[in-house]
Structures are given as C-alpha cells and as structure tokens.
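Visitor: Have a look at this one.
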Amino acid sequence: MGTARKTLFLVVVCLVVLLIAAGAAFGKTPKRVMIVVMDQMQPGYAQQYDMKNVLFLQDHGVNFKRAYVGDMASETVVSHNVMVSGLFPKNMGWSDEAIRDVDGVLIDPATTLPYGKNAIVTVGDLGTADYVKLITATGGYPKLGDYLKAKFPGTIVANVGEKGYQVESMAANSSDWWVRMGSKKNTADLTAPFSPASVPWTGTYRGAGGNPPPYIKNDPRFLVSVGNKSYPNDYYGTKDGWPSWMYPEDGRYVKGPYAGHESGDIWVADAALAIMDNEKWSGLWVTFSAIDKIGHMWGGGAVDTLVNYTWDPDSIFREVHMPWAAKNADDQLGRLIKKLKQKGQFDDTLIVVTADHGSTYGGKGFYGTDALDGASAYTPGVPGGWYAGTWWPSYTKPYDKPNVTDGPAALQPLMDTGLVEFSYQSTAIESWLKDPTAENMATCAGVMATLPGVIATYVKNGDHYDLTWASDSMTAAERRWWTRHGQELVNTMAFEGSADVVGLLADKTLYAAYGDHGGAQKDVQRIPMAFYMPGISHATRRAGFRLVDITPTVLETLGITPTATMDGKAYHLPIPGSK
Ligand SMILES: [Zn+2]
C-alpha cells in the first residue's frame, strides 16, 4: 500500500474501533440509579444561580420542562416516598404533614402512652419504624430499591440527607443504609469511639443518625457543630429579624467554619461519597436541603429582588442566602458525578435530578406571625402558623400539648367553630374535625372560604374530595392552573387519615414561614426533572411529568416489570441499547 492508502486504511480502522467502543460504552442498560433531590428547588434556579452540573444534565439528558409534583401535600415527608414508590400519597400510608391514625397502627403495645385510635399524628416526627408500620398497614408495596436489589443481587440501596423525616420516610422498608444528621448532643458528653478531642469546638454537636454504616458512624468527620455560640453565632444572623427569624438557621444547612467538619450539603455529599467508596450499590438517593432552608427563611424565588439583605461574598453569612446555597448544592452534585467517573461507573449509572416540591413566598398574602419562631408556643424552630389544635407532637412522647391553639390569627374564625381538632397551614389549609359529619364539614368549609387568601374549598368524600366553593376573584393565571390541576391534586391525598376539609390558597399566599410549599399553586408544584446517562439522546419534553412517574420510568428503562400496581406512568427514555 502507498502511504496515502495506508493512512486512509488506518483512519478507517480507527473509526471502526471507535464506533464499536462507543457502542459498547453507550449501548447499555443502567446498572445503578442515583436520584439527587434538590429540596425545594424551583426550576428557574438552575439558570439563575448558574448550577452548571444541573444544567449539563438537563442539556444533555432528557429534560422535562413542565414537570410538576403532581400530588398533595407538596411536602418533603410525602414527596420523598412518592418518588421511590410510584404511588399517590393516598395509597402510601401518609399523605400530609399530619394524619389521623384511624386504626391506631402506630400504637406501641409496649408503652402505656395516652394516644391511640384516631390520634392526630404529625408525620414529620416519626421514624423509620413508624413509616414501616404505615406502609404495612396499606397491605405493603414494593419500592424502587426493592426492585433494584432483586435485579442486581448482592447490591445495596442507601439514602442520605440532612433531615430525619426526609431520609427515614424514603428509606422505610427498602433501604439498607440511611444516613441523616442526628439530634443535638453536648460535646462534653462525647464518648467512645469519639472523645471531646475529636472536634475542634466546644458546645453542641450532631453526628450521623438514622442507620449509618460503621465507616460513617465511627468517622469523626461526620460530627458537626450546631449551636456553637462562639463563631460567629448560632444563627448566622437569621434570628435577628424579618423574615428569616420565623424559621432561623440552626447550623444544619450551612458549611460552617470548621475544616474537616463541614455541615450542610457538603456533609451529605461526603456521606454519599463514603457509601460509593465502600459499597456495591444499585440505588443511591441523595437529598440536598440547604435550598429548602433558605427558601423557607427568605422566600423561595424572592431572595434576590424582594428581601433586603447585604450580599458579602467574603462573609460566612453568605451561606444563608440562595446564591451560595444553590451553587454549593450544585457543586456537591458535581462531586458525586466526579466520583462516578473515578470509579468507572459513570457510563452505566442513570442519574435523576429533581426536587420534592417548588416554593413560593408571602408576596401577596402573608398570614404568619412576624416574630422569632413565628411566636411558636410549642416548638422552638417551628413557626407557630403551621400547627393549630390538638395533636401528638410525637407519638413516642407523652401527649403533653393539649388544646394548643397556636395557629395564625387569620385562622381564628375556623378554630372558633369548635369543630376543628387539628389544622395544618402552609400554602394550603388542611383541617381534621373532631366529628367529621357532612354537616360539620360543610360548616367548616363555609368558614374556611371566608379566610384570607382562600380560593377554593373541598370536603372529603371517601377516596376523593368534593369542591364546595371557588372564589370568583382568582387571577387569570390562578384560575388557569387551578382549573387544570386543583381537583386532580387535592384528590391524591384522600384516604381515611387525611384532612376532612381543605382550602387551597392563592398564589404567593401562605400562613406560616415567609417561604413555603405544601399546596397546589403552580410555583409550589413546578419542579426540575432531568434524566441522564451517557449515550442518552438529548430531548426537551413538554409532558407533565410527575414525581409519581419516576419509579415507573426508571423500571421501564431498566427492563424491570413491576410486580404491583403504581399510580405513575412510565416515560420512555431514549437510551440506545437499554433493556
Ligand atoms: Zn422538601
């Protein structure tokens, strides 16, 4: 062969080899699924805060631009289990921040505590064992982690996040390891395997809670300072005034000043990386929570334009504002991706990036209490507006908060009916009645319709809700969204333990913290939703993808046939060679 022909031959050979290699690399069925939840992230944050890793996954994967939560209540403790069960909240065992334990399934026969059948229980106070009881009481259902472990024997499923209810509800009945921040303890009381010398500060600390693997449980890196008053203060200024002081930072969501003991989303990423280094895993669910905390404190979507704060890029106080928190959360996603690449797992890991709900702020109607902790009378750190009435703060504790009427002043006419046992207010109002007869529900719905910001009221009717009233003063945008989704969303939480009367609120209207979620508003429902794996054909889709569709879609992509009915539907992901 002449030199020119030789060169051409070599080029052709190289191209063929590259094509075969590309086919081998990209023509794959995923062997692992990583779900990264940016708690309370609005879709617009990706561009607004230059979240480069989120943008990469959206711009190279399948990006559902019109994704929405698709159910109620749009709350963390609900959404995290919707994502990995494919079930509407009504079929999950809990559908809101509170439930009525109609059959007393949470009763612990070993105790004599005065709770029981029909007790109102705040779901965020429960632990994994309780969520398992609630799941079992539905008859049980498989979760995404169960399917993955069956498909890939010898693998484990784990999840990590800052908050107890977020991690423990998602883990229940399925995860092998679940890691969250533990409760506050005094550094002076540190015992083996740690000692006071394990930490560079004095005061209080949190360690890894939940069911952490030993390499996390016994690693002093996972001890973090909370409530250390010496630097710069416990609250990074968020306790000093409106609006953040209604739900101030407590050290869990910032990086903090201590090298090697970073808190917040860095802590979460470090725990996830440790699991990636130590385990053969098929499912890893990672939730970053700083965006959520910032959104509650300053108002989701409002921080840059409506809240008067000083942005100092050199101050540690920057960590309690959205530009830093969003960018940092994205950086942590970048570290997870880098680890996948280092371990040679990037090419066959399906990555899902989403949020458990969006957020709004009190720009149009704010009915919380502008005071430290929202002038809460019961739990410091929990705005007073969220809970009103009588409930078990935690079913494992004595029933020590009888007849608390701590709700916002605007709620008073409803409580004055004397018919409400408990009410939860966020960006919707949900009330459980002492005696939920049709007459009492109609009376309460009538009063609820007079409360400020309410745009529609519903009463429970078995497995759905009936609309009893709709405001004629909705804006065109509110009416458009409500007409399309109001009834759909409310119905997804109807089961025997759910609220008897529900009031949906107008856009930018809420009753507790200045930023919040929980209801049916468009800003609260809209979420980012992207699927990525190398080789996937990029597509931007307009379909109304919901959280309940995640598990069916992942199962379809992996060629796994569901063994139980789900409420979500599978969307086909264009991954050549998958299944
Ligand atoms: Zn959340």
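We name chains A, B, ... following the order of the structure tokens; residues begin at 1 in each chain, and ligands are numbered from 1 as shown.
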Can you tell me which residues come within 10 Å of ligand 1 when counting only C-alpha atoms and all ligand atoms, ideally as a PDB file with N, CA, C and O atoms, in the first residue's frame?

Guide:
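Dumped everything to part.pdb:
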```pdb
ATOM      1  N   VAL A  37     -32.001  14.823  44.898  1.00  0.00           N
ATOM      2  CA  VAL A  37     -33.138  15.702  45.168  1.00  0.00           C
ATOM      3  C   VAL A  37     -32.614  17.030  45.689  1.00  0.00           C
ATOM      4  O   VAL A  37     -31.934  17.080  46.714  1.00  0.00           O
ATOM      5  N   MET A  38     -32.923  18.090  44.982  1.00  0.00           N
ATOM      6  CA  MET A  38     -32.613  19.442  45.455  1.00  0.00           C
ATOM      7  C   MET A  38     -33.888  19.945  46.149  1.00  0.00           C
ATOM      8  O   MET A  38     -34.806  20.434  45.490  1.00  0.00           O
ATOM      9  N   ASP A  39     -33.924  19.778  47.460  1.00  0.00           N
ATOM     10  CA  ASP A  39     -35.148  20.065  48.211  1.00  0.00           C
ATOM     11  C   ASP A  39     -35.610  21.505  47.990  1.00  0.00           C
ATOM     12  O   ASP A  39     -34.857  22.440  48.237  1.00  0.00           O
ATOM     13  N   GLN A  40     -36.835  21.655  47.506  1.00  0.00           N
ATOM     14  CA  GLN A  40     -37.498  22.959  47.299  1.00  0.00           C
ATOM     15  C   GLN A  40     -36.930  23.763  46.112  1.00  0.00           C
ATOM     16  O   GLN A  40     -37.166  24.966  45.995  1.00  0.00           O
ATOM     17  N   MET A  41     -36.189  23.110  45.223  1.00  0.00           N
ATOM     18  CA  MET A  41     -35.600  23.864  44.109  1.00  0.00           C
ATOM     19  C   MET A  41     -36.652  24.231  43.074  1.00  0.00           C
ATOM     20  O   MET A  41     -37.357  23.374  42.549  1.00  0.00           O
ATOM     21  N   SER A  74     -47.744  18.844  48.902  1.00  0.00           N
ATOM     22  CA  SER A  74     -46.412  19.008  48.300  1.00  0.00           C
ATOM     23  C   SER A  74     -45.410  19.294  49.413  1.00  0.00           C
ATOM     24  O   SER A  74     -44.894  20.395  49.557  1.00  0.00           O
ATOM     25  N   GLU A  75     -45.182  18.253  50.220  1.00  0.00           N
ATOM     26  CA  GLU A  75     -44.322  18.365  51.397  1.00  0.00           C
ATOM     27  C   GLU A  75     -43.197  17.323  51.322  1.00  0.00           C
ATOM     28  O   GLU A  75     -43.387  16.233  50.779  1.00  0.00           O
ATOM     29  N   THR A  76     -42.079  17.635  51.948  1.00  0.00           N
ATOM     30  CA  THR A  76     -40.891  16.791  51.924  1.00  0.00           C
ATOM     31  C   THR A  76     -41.185  15.349  52.358  1.00  0.00           C
ATOM     32  O   THR A  76     -40.782  14.400  51.679  1.00  0.00           O
ATOM     33  N   VAL A  77     -41.874  15.211  53.476  1.00  0.00           N
ATOM     34  CA  VAL A  77     -42.080  13.875  54.055  1.00  0.00           C
ATOM     35  C   VAL A  77     -43.032  13.032  53.202  1.00  0.00           C
ATOM     36  O   VAL A  77     -43.060  11.813  53.305  1.00  0.00           O
ATOM     37  N   VAL A  78     -43.774  13.691  52.350  1.00  0.00           N
ATOM     38  CA  VAL A  78     -44.667  12.972  51.430  1.00  0.00           C
ATOM     39  C   VAL A  78     -43.936  12.657  50.126  1.00  0.00           C
ATOM     40  O   VAL A  78     -43.874  11.511  49.674  1.00  0.00           O
ATOM     41  N   SER A  79     -43.333  13.697  49.531  1.00  0.00           N
ATOM     42  CA  SER A  79     -42.745  13.555  48.190  1.00  0.00           C
ATOM     43  C   SER A  79     -41.627  12.522  48.135  1.00  0.00           C
ATOM     44  O   SER A  79     -41.478  11.812  47.137  1.00  0.00           O
ATOM     45  N   HIS A  80     -40.819  12.459  49.202  1.00  0.00           N
ATOM     46  CA  HIS A  80     -39.677  11.556  49.136  1.00  0.00           C
ATOM     47  C   HIS A  80     -40.109  10.096  48.981  1.00  0.00           C
ATOM     48  O   HIS A  80     -39.424   9.299  48.340  1.00  0.00           O
ATOM     49  N   LYS A 163     -32.154  15.760  56.916  1.00  0.00           N
ATOM     50  CA  LYS A 163     -33.294  15.713  57.831  1.00  0.00           C
ATOM     51  C   LYS A 163     -33.799  14.308  58.107  1.00  0.00           C
ATOM     52  O   LYS A 163     -33.830  13.470  57.209  1.00  0.00           O
ATOM     53  N   GLN A 166     -37.155  13.246  56.131  1.00  0.00           N
ATOM     54  CA  GLN A 166     -36.871  13.174  54.708  1.00  0.00           C
ATOM     55  C   GLN A 166     -36.205  11.825  54.383  1.00  0.00           C
ATOM     56  O   GLN A 166     -36.636  11.096  53.484  1.00  0.00           O
ATOM     57  N   THR A 287     -30.346  13.705  49.091  1.00  0.00           N
ATOM     58  CA  THR A 287     -31.135  14.929  49.168  1.00  0.00           C
ATOM     59  C   THR A 287     -30.305  16.061  49.754  1.00  0.00           C
ATOM     60  O   THR A 287     -29.739  15.926  50.842  1.00  0.00           O
ATOM     61  N   PHE A 288     -30.221  17.156  49.013  1.00  0.00           N
ATOM     62  CA  PHE A 288     -29.550  18.369  49.487  1.00  0.00           C
ATOM     63  C   PHE A 288     -30.622  19.361  49.967  1.00  0.00           C
ATOM     64  O   PHE A 288     -31.527  19.718  49.223  1.00  0.00           O
ATOM     65  N   SER A 289     -30.481  19.835  51.206  1.00  0.00           N
ATOM     66  CA  SER A 289     -31.582  20.552  51.853  1.00  0.00           C
ATOM     67  C   SER A 289     -31.359  22.044  52.062  1.00  0.00           C
ATOM     68  O   SER A 289     -32.258  22.732  52.536  1.00  0.00           O
ATOM     69  N   ILE A 291     -31.123  24.584  50.004  1.00  0.00           N
ATOM     70  CA  ILE A 291     -32.030  25.430  49.215  1.00  0.00           C
ATOM     71  C   ILE A 291     -33.376  25.541  49.913  1.00  0.00           C
ATOM     72  O   ILE A 291     -33.984  26.616  49.970  1.00  0.00           O
ATOM     73  N   ASP A 292     -33.849  24.428  50.464  1.00  0.00           N
ATOM     74  CA  ASP A 292     -35.136  24.422  51.156  1.00  0.00           C
ATOM     75  C   ASP A 292     -35.123  25.365  52.355  1.00  0.00           C
ATOM     76  O   ASP A 292     -36.048  26.166  52.562  1.00  0.00           O
ATOM     77  N   LYS A 293     -34.046  25.282  53.129  1.00  0.00           N
ATOM     78  CA  LYS A 293     -33.978  26.129  54.329  1.00  0.00           C
ATOM     79  C   LYS A 293     -33.944  27.608  53.960  1.00  0.00           C
ATOM     80  O   LYS A 293     -34.643  28.436  54.560  1.00  0.00           O
ATOM     81  N   ALA A 355     -36.614  17.841  42.279  1.00  0.00           N
ATOM     82  CA  ALA A 355     -36.906  18.447  43.582  1.00  0.00           C
ATOM     83  C   ALA A 355     -38.175  17.813  44.118  1.00  0.00           C
ATOM     84  O   ALA A 355     -38.995  17.296  43.350  1.00  0.00           O
ATOM     85  N   ASP A 356     -38.343  17.847  45.435  1.00  0.00           N
ATOM     86  CA  ASP A 356     -39.534  17.242  46.038  1.00  0.00           C
ATOM     87  C   ASP A 356     -40.752  18.161  45.965  1.00  0.00           C
ATOM     88  O   ASP A 356     -41.877  17.727  46.134  1.00  0.00           O
ATOM     89  N   HIS A 357     -40.512  19.446  45.709  1.00  0.00           N
ATOM     90  CA  HIS A 357     -41.566  20.449  45.558  1.00  0.00           C
ATOM     91  C   HIS A 357     -40.881  21.745  45.197  1.00  0.00           C
ATOM     92  O   HIS A 357     -39.659  21.869  45.350  1.00  0.00           O
ATOM     93  N   GLY A 358     -41.653  22.710  44.734  1.00  0.00           N
ATOM     94  CA  GLY A 358     -41.114  24.039  44.495  1.00  0.00           C
ATOM     95  C   GLY A 358     -41.346  24.891  45.723  1.00  0.00           C
ATOM     96  O   GLY A 358     -41.276  24.395  46.856  1.00  0.00           O
ATOM     97  N   SER A 359     -41.605  26.179  45.512  1.00  0.00           N
ATOM     98  CA  SER A 359     -41.804  27.055  46.665  1.00  0.00           C
ATOM     99  C   SER A 359     -42.439  28.359  46.225  1.00  0.00           C
ATOM    100  O   SER A 359     -42.425  28.720  45.052  1.00  0.00           O
ATOM    101  N   ASP A 516     -42.681  29.022  51.578  1.00  0.00           N
ATOM    102  CA  ASP A 516     -43.284  27.739  51.940  1.00  0.00           C
ATOM    103  C   ASP A 516     -43.780  26.992  50.700  1.00  0.00           C
ATOM    104  O   ASP A 516     -43.642  27.469  49.573  1.00  0.00           O
ATOM    105  N   HIS A 517     -44.354  25.829  50.951  1.00  0.00           N
ATOM    106  CA  HIS A 517     -44.893  24.930  49.933  1.00  0.00           C
ATOM    107  C   HIS A 517     -45.908  24.069  50.640  1.00  0.00           C
ATOM    108  O   HIS A 517     -46.126  24.241  51.837  1.00  0.00           O
ATOM    109  N   GLY A 518     -46.492  23.118  49.942  1.00  0.00           N
ATOM    110  CA  GLY A 518     -47.474  22.236  50.578  1.00  0.00           C
ATOM    111  C   GLY A 518     -48.778  22.166  49.793  1.00  0.00           C
ATOM    112  O   GLY A 518     -49.501  21.181  49.864  1.00  0.00           O
TER     113      GLY A 518
END
```

Visitor: Check region 177-310 of chain A with DSSP on the backbone and list each residue it calls alpha helix (DSSP H), as a list in words.

Guide: Pro214, Tyr215, Ile216, Lys217, Gly264, Asp265, Ile266, Trp267, Val268, Ala269, Asp270, Ala271, Ala272, Leu273, Ala274, Ile275, Met276, Asp277, Asn278, Ala290, Ile291, Asp292, Lys293, Ile294, Gly295, His296, Met297 and Trp298 of chain A

Visitor: Which residue is closest to Gly301 (chain A)? Choose from A:Ala46, A:Val123, A:Leu273, A:Ala570 and count only C-alpha atoms.

Guide: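 Using only C-alpha atoms, Gly301 (chain A) sits closest to A:Ala46.
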
Visitor: Write out, as JSON lines, each residue of region 203-307 of chain A that has an atom at most 7 Å from region 313-337 of chain A, together with the closest pair of atoms and their distance in Å to one decimal, counting only C-alpha atoms, rows going by chain and rising number.

Guide:
```
{"residue": "A:Tyr236", "atom": "CA", "partner": "A:Phe317", "partner_atom": "CA", "distance": 5.5}
{"residue": "A:Val254", "atom": "CA", "partner": "A:Glu319", "partner_atom": "CA", "distance": 5.7}
{"residue": "A:Asp265", "atom": "CA", "partner": "A:Ala329", "partner_atom": "CA", "distance": 6.2}
{"residue": "A:Ile266", "atom": "CA", "partner": "A:Gln332", "partner_atom": "CA", "distance": 6.4}
{"residue": "A:Ala269", "atom": "CA", "partner": "A:Gln332", "partner_atom": "CA", "distance": 5.9}
{"residue": "A:Leu273", "atom": "CA", "partner": "A:Leu336", "partner_atom": "CA", "distance": 6.7}
{"residue": "A:Phe288", "atom": "CA", "partner": "A:Ala329", "partner_atom": "CA", "distance": 6.4}
{"residue": "A:Ala290", "atom": "CA", "partner": "A:Ala325", "partner_atom": "CA", "distance": 5.9}
{"residue": "A:Ile291", "atom": "CA", "partner": "A:Ala325", "partner_atom": "CA", "distance": 5.8}
{"residue": "A:Ile294", "atom": "CA", "partner": "A:His321", "partner_atom": "CA", "distance": 6.0}
{"residue": "A:Val303", "atom": "CA", "partner": "A:Met322", "partner_atom": "CA", "distance": 6.8}
```

Visitor: Let's have the selection written as an mmCIF file, in the first residue's frame, with C-alpha atoms.

Guide:
```cif
data_model
loop_
_atom_site.group_PDB
_atom_site.id
_atom_site.type_symbol
_atom_site.label_atom_id
_atom_site.label_comp_id
_atom_site.auth_asym_id
_atom_site.auth_seq_id
_atom_site.Cartn_x
_atom_site.Cartn_y
_atom_site.Cartn_z
ATOM 1 C CA TYR A 236 -25.704 33.399 61.024
ATOM 2 C CA VAL A 254 -24.548 25.886 56.244
ATOM 3 C CA ASP A 265 -24.929 19.766 51.818
ATOM 4 C CA ILE A 266 -21.163 19.099 51.981
ATOM 5 C CA ALA A 269 -22.173 14.648 49.816
ATOM 6 C CA LEU A 273 -19.139 9.534 48.634
ATOM 7 C CA PHE A 288 -29.550 18.369 49.487
ATOM 8 C CA ALA A 290 -29.924 23.979 52.046
ATOM 9 C CA ILE A 291 -32.030 25.430 49.215
ATOM 10 C CA ILE A 294 -33.040 29.335 52.521
ATOM 11 C CA VAL A 303 -34.414 36.316 47.687
#
```

Visitor: Output as an MDAnalysis selection string all residues of region 112-208 of chain A that backbone DSSP marks as strand (DSSP E).

Guide: chainID A and resid 119:122 156:160 177:181 185:186 204:206 208

Visitor: Would you write out those residues with N, CA, C and O atoms, as a CSV table (one decimal), in the first residue's frame?

Guide:
```
chain,number,residue,atom,x,y,z
A,119,ALA,N,-55.9,9.1,66.8
A,119,ALA,CA,-55.0,10.2,67.2
A,119,ALA,C,-54.5,11.0,66.0
A,119,ALA,O,-54.2,10.4,64.9
A,120,ILE,N,-54.4,12.3,66.1
A,120,ILE,CA,-53.7,13.1,65.1
A,120,ILE,C,-52.2,13.0,65.3
A,120,ILE,O,-51.7,13.3,66.4
A,121,VAL,N,-51.4,12.6,64.3
A,121,VAL,CA,-50.0,12.4,64.5
A,121,VAL,C,-49.3,13.3,63.4
A,121,VAL,O,-49.7,13.3,62.3
A,122,THR,N,-48.3,14.1,63.9
A,122,THR,CA,-47.5,14.9,62.9
A,122,THR,C,-46.4,14.0,62.3
A,122,THR,O,-45.6,13.5,63.0
A,156,ILE,N,-26.6,-3.0,47.3
A,156,ILE,CA,-27.4,-2.4,48.4
A,156,ILE,C,-28.0,-1.1,47.9
A,156,ILE,O,-27.6,-0.6,46.8
A,157,VAL,N,-29.0,-0.6,48.6
A,157,VAL,CA,-29.6,0.7,48.4
A,157,VAL,C,-29.5,1.6,49.6
A,157,VAL,O,-29.6,1.1,50.7
A,158,ALA,N,-29.1,2.8,49.4
A,158,ALA,CA,-28.9,3.7,50.5
A,158,ALA,C,-29.4,5.1,50.2
A,158,ALA,O,-29.6,5.5,49.1
A,159,ASN,N,-29.7,5.8,51.3
A,159,ASN,CA,-30.1,7.2,51.1
A,159,ASN,C,-29.5,8.1,52.2
A,159,ASN,O,-29.3,7.7,53.3
A,160,VAL,N,-29.3,9.4,51.8
A,160,VAL,CA,-28.6,10.3,52.6
A,160,VAL,C,-29.3,11.7,52.5
A,160,VAL,O,-29.7,12.1,51.4
A,177,TRP,N,-28.9,1.2,54.1
A,177,TRP,CA,-28.4,2.2,55.0
A,177,TRP,C,-29.2,3.5,54.7
A,177,TRP,O,-29.5,3.8,53.6
A,178,TRP,N,-29.4,4.2,55.8
A,178,TRP,CA,-29.9,5.6,55.7
A,178,TRP,C,-29.2,6.5,56.6
A,178,TRP,O,-29.1,6.1,57.8
A,179,VAL,N,-28.8,7.6,56.1
A,179,VAL,CA,-27.9,8.5,56.9
A,179,VAL,C,-28.5,9.9,57.0
A,179,VAL,O,-28.8,10.5,55.9
A,180,ARG,N,-28.7,10.4,58.1
A,180,ARG,CA,-29.2,11.8,58.3
A,180,ARG,C,-28.4,12.4,59.5
A,180,ARG,O,-27.7,11.7,60.2
A,181,MET,N,-28.6,13.6,59.8
A,181,MET,CA,-28.0,14.2,60.9
A,181,MET,C,-28.8,13.8,62.2
A,181,MET,O,-30.0,13.8,62.2
A,185,LYS,N,-26.4,17.0,70.7
A,185,LYS,CA,-25.8,16.5,72.0
A,185,LYS,C,-24.7,17.4,72.4
A,185,LYS,O,-24.2,18.2,71.6
A,186,ASN,N,-24.3,17.3,73.7
A,186,ASN,CA,-23.2,18.1,74.2
A,186,ASN,C,-21.8,17.5,73.9
A,186,ASN,O,-21.6,16.3,74.2
A,204,THR,N,-22.3,22.2,71.3
A,204,THR,CA,-23.1,21.1,70.9
A,204,THR,C,-22.7,20.6,69.6
A,204,THR,O,-22.1,21.3,68.8
A,205,TYR,N,-23.1,19.4,69.3
A,205,TYR,CA,-22.8,18.8,68.0
A,205,TYR,C,-23.9,17.8,67.6
A,205,TYR,O,-24.8,17.5,68.4
A,206,ARG,N,-23.9,17.5,66.3
A,206,ARG,CA,-24.7,16.4,65.8
A,206,ARG,C,-23.8,15.4,65.1
A,206,ARG,O,-22.8,15.8,64.5
A,208,ALA,N,-23.9,11.4,62.8
A,208,ALA,CA,-24.7,10.7,61.8
A,208,ALA,C,-25.8,9.9,62.6
A,208,ALA,O,-25.5,9.1,63.5
```

Visitor: To one decimal place, how far is CA of Phe545 (chain A) from CA of Arg66 (chain A) in Å?

Guide: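 Here the two named atoms are 6.9 Å from each other.
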
Visitor: Which residue, A:Ser198, A:Gln487, A:Ser174, A:Asn461, has the smallest gap to Tyr141 (chain A) when you use only C-alpha atoms?

Guide: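 Using only C-alpha atoms, the shortest distance to Tyr141 (chain A) belongs to A:Ser174.
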
Visitor: Can you tell me, as an MDAnalysis selection string, what residues are no more than 12 Å from Arg484 (chain A) when counting only C-alpha atoms, ignoring any on the same chain fewer than 3 positions away?

Guide: chainID A and resid 70 477:481 487:490 520:522 544

Visitor: Any idea what's packed within 9 Å of Ile275 (chain A), counting only C-alpha atoms, ignoring anything in its chain fewer than 3 positions away? Could you give it as a compact mmCIF listing (two decimals) with all heavy atoms, in the first residue's frame?

Guide:
```txt
# COMPACT_ATOMS: atom_id res chain seq x y z
N ALA A 158 -29.11 2.81 49.40
CA ALA A 158 -28.89 3.69 50.54
C ALA A 158 -29.44 5.08 50.25
O ALA A 158 -29.58 5.47 49.08
CB ALA A 158 -27.40 3.78 50.86
N TRP A 177 -28.94 1.16 54.10
CA TRP A 177 -28.37 2.20 54.95
C TRP A 177 -29.16 3.48 54.73
O TRP A 177 -29.53 3.79 53.60
CB TRP A 177 -26.90 2.50 54.60
CG TRP A 177 -25.95 1.35 54.67
CD1 TRP A 177 -25.21 0.83 53.64
CD2 TRP A 177 -25.58 0.59 55.83
NE1 TRP A 177 -24.43 -0.19 54.07
CE2 TRP A 177 -24.62 -0.38 55.42
CE3 TRP A 177 -25.95 0.63 57.17
CZ2 TRP A 177 -24.05 -1.29 56.31
CZ3 TRP A 177 -25.38 -0.28 58.04
CH2 TRP A 177 -24.44 -1.22 57.62
N PRO A 213 -23.86 3.33 58.07
CA PRO A 213 -22.86 2.26 58.07
C PRO A 213 -21.71 2.62 59.01
O PRO A 213 -21.50 3.80 59.30
CB PRO A 213 -22.39 2.20 56.61
CG PRO A 213 -22.74 3.52 56.02
CD PRO A 213 -23.93 4.02 56.76
N TYR A 215 -18.52 2.87 58.76
CA TYR A 215 -17.47 3.78 58.29
C TYR A 215 -17.95 5.23 58.29
O TYR A 215 -17.15 6.14 58.13
CB TYR A 215 -16.96 3.36 56.90
CG TYR A 215 -18.05 3.08 55.89
CD1 TYR A 215 -18.62 4.12 55.15
CD2 TYR A 215 -18.52 1.79 55.69
CE1 TYR A 215 -19.63 3.85 54.24
CE2 TYR A 215 -19.53 1.52 54.79
CZ TYR A 215 -20.08 2.56 54.06
OH TYR A 215 -21.09 2.31 53.17
N ILE A 216 -19.22 5.47 58.46
CA ILE A 216 -19.72 6.84 58.65
C ILE A 216 -19.97 7.08 60.14
O ILE A 216 -19.56 8.10 60.69
CB ILE A 216 -21.01 7.07 57.83
CG1 ILE A 216 -20.66 7.11 56.33
CG2 ILE A 216 -21.72 8.36 58.26
CD1 ILE A 216 -21.86 7.22 55.41
N ASP A 270 -20.39 14.15 51.41
CA ASP A 270 -19.30 13.33 51.96
C ASP A 270 -19.82 11.95 52.39
O ASP A 270 -19.14 10.93 52.20
CB ASP A 270 -18.64 14.03 53.15
CG ASP A 270 -17.64 15.11 52.69
OD1 ASP A 270 -17.39 15.22 51.48
OD2 ASP A 270 -17.10 15.83 53.56
N ALA A 271 -21.02 11.93 52.98
CA ALA A 271 -21.59 10.63 53.37
C ALA A 271 -21.91 9.79 52.13
O ALA A 271 -21.64 8.58 52.10
CB ALA A 271 -22.85 10.85 54.21
N ALA A 272 -22.44 10.44 51.10
CA ALA A 272 -22.75 9.71 49.86
C ALA A 272 -21.47 9.17 49.22
O ALA A 272 -21.43 8.02 48.75
CB ALA A 272 -23.50 10.61 48.90
N ASN A 278 -17.42 2.45 49.54
CA ASN A 278 -17.42 1.25 50.37
C ASN A 278 -18.42 0.18 49.96
O ASN A 278 -18.38 -0.93 50.49
CB ASN A 278 -17.70 1.63 51.83
CG ASN A 278 -16.48 2.22 52.52
OD1 ASN A 278 -15.61 1.49 52.96
ND2 ASN A 278 -16.40 3.55 52.56
N GLU A 279 -19.35 0.50 49.08
CA GLU A 279 -20.44 -0.43 48.81
C GLU A 279 -20.57 -0.75 47.32
O GLU A 279 -20.22 0.05 46.47
CB GLU A 279 -21.79 0.18 49.28
CG GLU A 279 -21.82 0.66 50.70
CD GLU A 279 -21.93 -0.47 51.72
OE1 GLU A 279 -22.12 -1.64 51.31
OE2 GLU A 279 -21.80 -0.18 52.92
N LYS A 280 -21.15 -1.90 47.06
CA LYS A 280 -21.63 -2.21 45.72
C LYS A 280 -23.12 -1.84 45.74
O LYS A 280 -23.92 -2.56 46.35
CB LYS A 280 -21.42 -3.70 45.43
CG LYS A 280 -21.67 -4.05 43.97
CD LYS A 280 -21.38 -5.52 43.71
CE LYS A 280 -21.72 -5.85 42.26
NZ LYS A 280 -21.91 -7.29 42.05
N TRP A 281 -23.42 -0.73 45.15
CA TRP A 281 -24.80 -0.22 45.28
C TRP A 281 -25.51 -0.20 43.93
O TRP A 281 -24.88 -0.05 42.88
CB TRP A 281 -24.80 1.19 45.89
CG TRP A 281 -24.00 2.20 45.10
CD1 TRP A 281 -22.65 2.41 45.16
CD2 TRP A 281 -24.50 3.11 44.11
NE1 TRP A 281 -22.28 3.40 44.29
CE2 TRP A 281 -23.39 3.86 43.63
CE3 TRP A 281 -25.77 3.39 43.60
CZ2 TRP A 281 -23.51 4.86 42.66
CZ3 TRP A 281 -25.90 4.39 42.63
CH2 TRP A 281 -24.78 5.10 42.17
N LEU A 284 -28.93 4.88 44.98
CA LEU A 284 -28.43 5.86 45.96
C LEU A 284 -29.28 7.12 45.82
O LEU A 284 -29.32 7.74 44.76
CB LEU A 284 -26.96 6.16 45.68
CG LEU A 284 -26.23 7.08 46.67
CD1 LEU A 284 -26.28 6.53 48.10
CD2 LEU A 284 -24.78 7.27 46.24
```

Visitor: Please compute the CA of Leu504 (chain A)-CA of Leu134 (chain A) distance, one decimal, in Å.

Guide: 26.4 Å
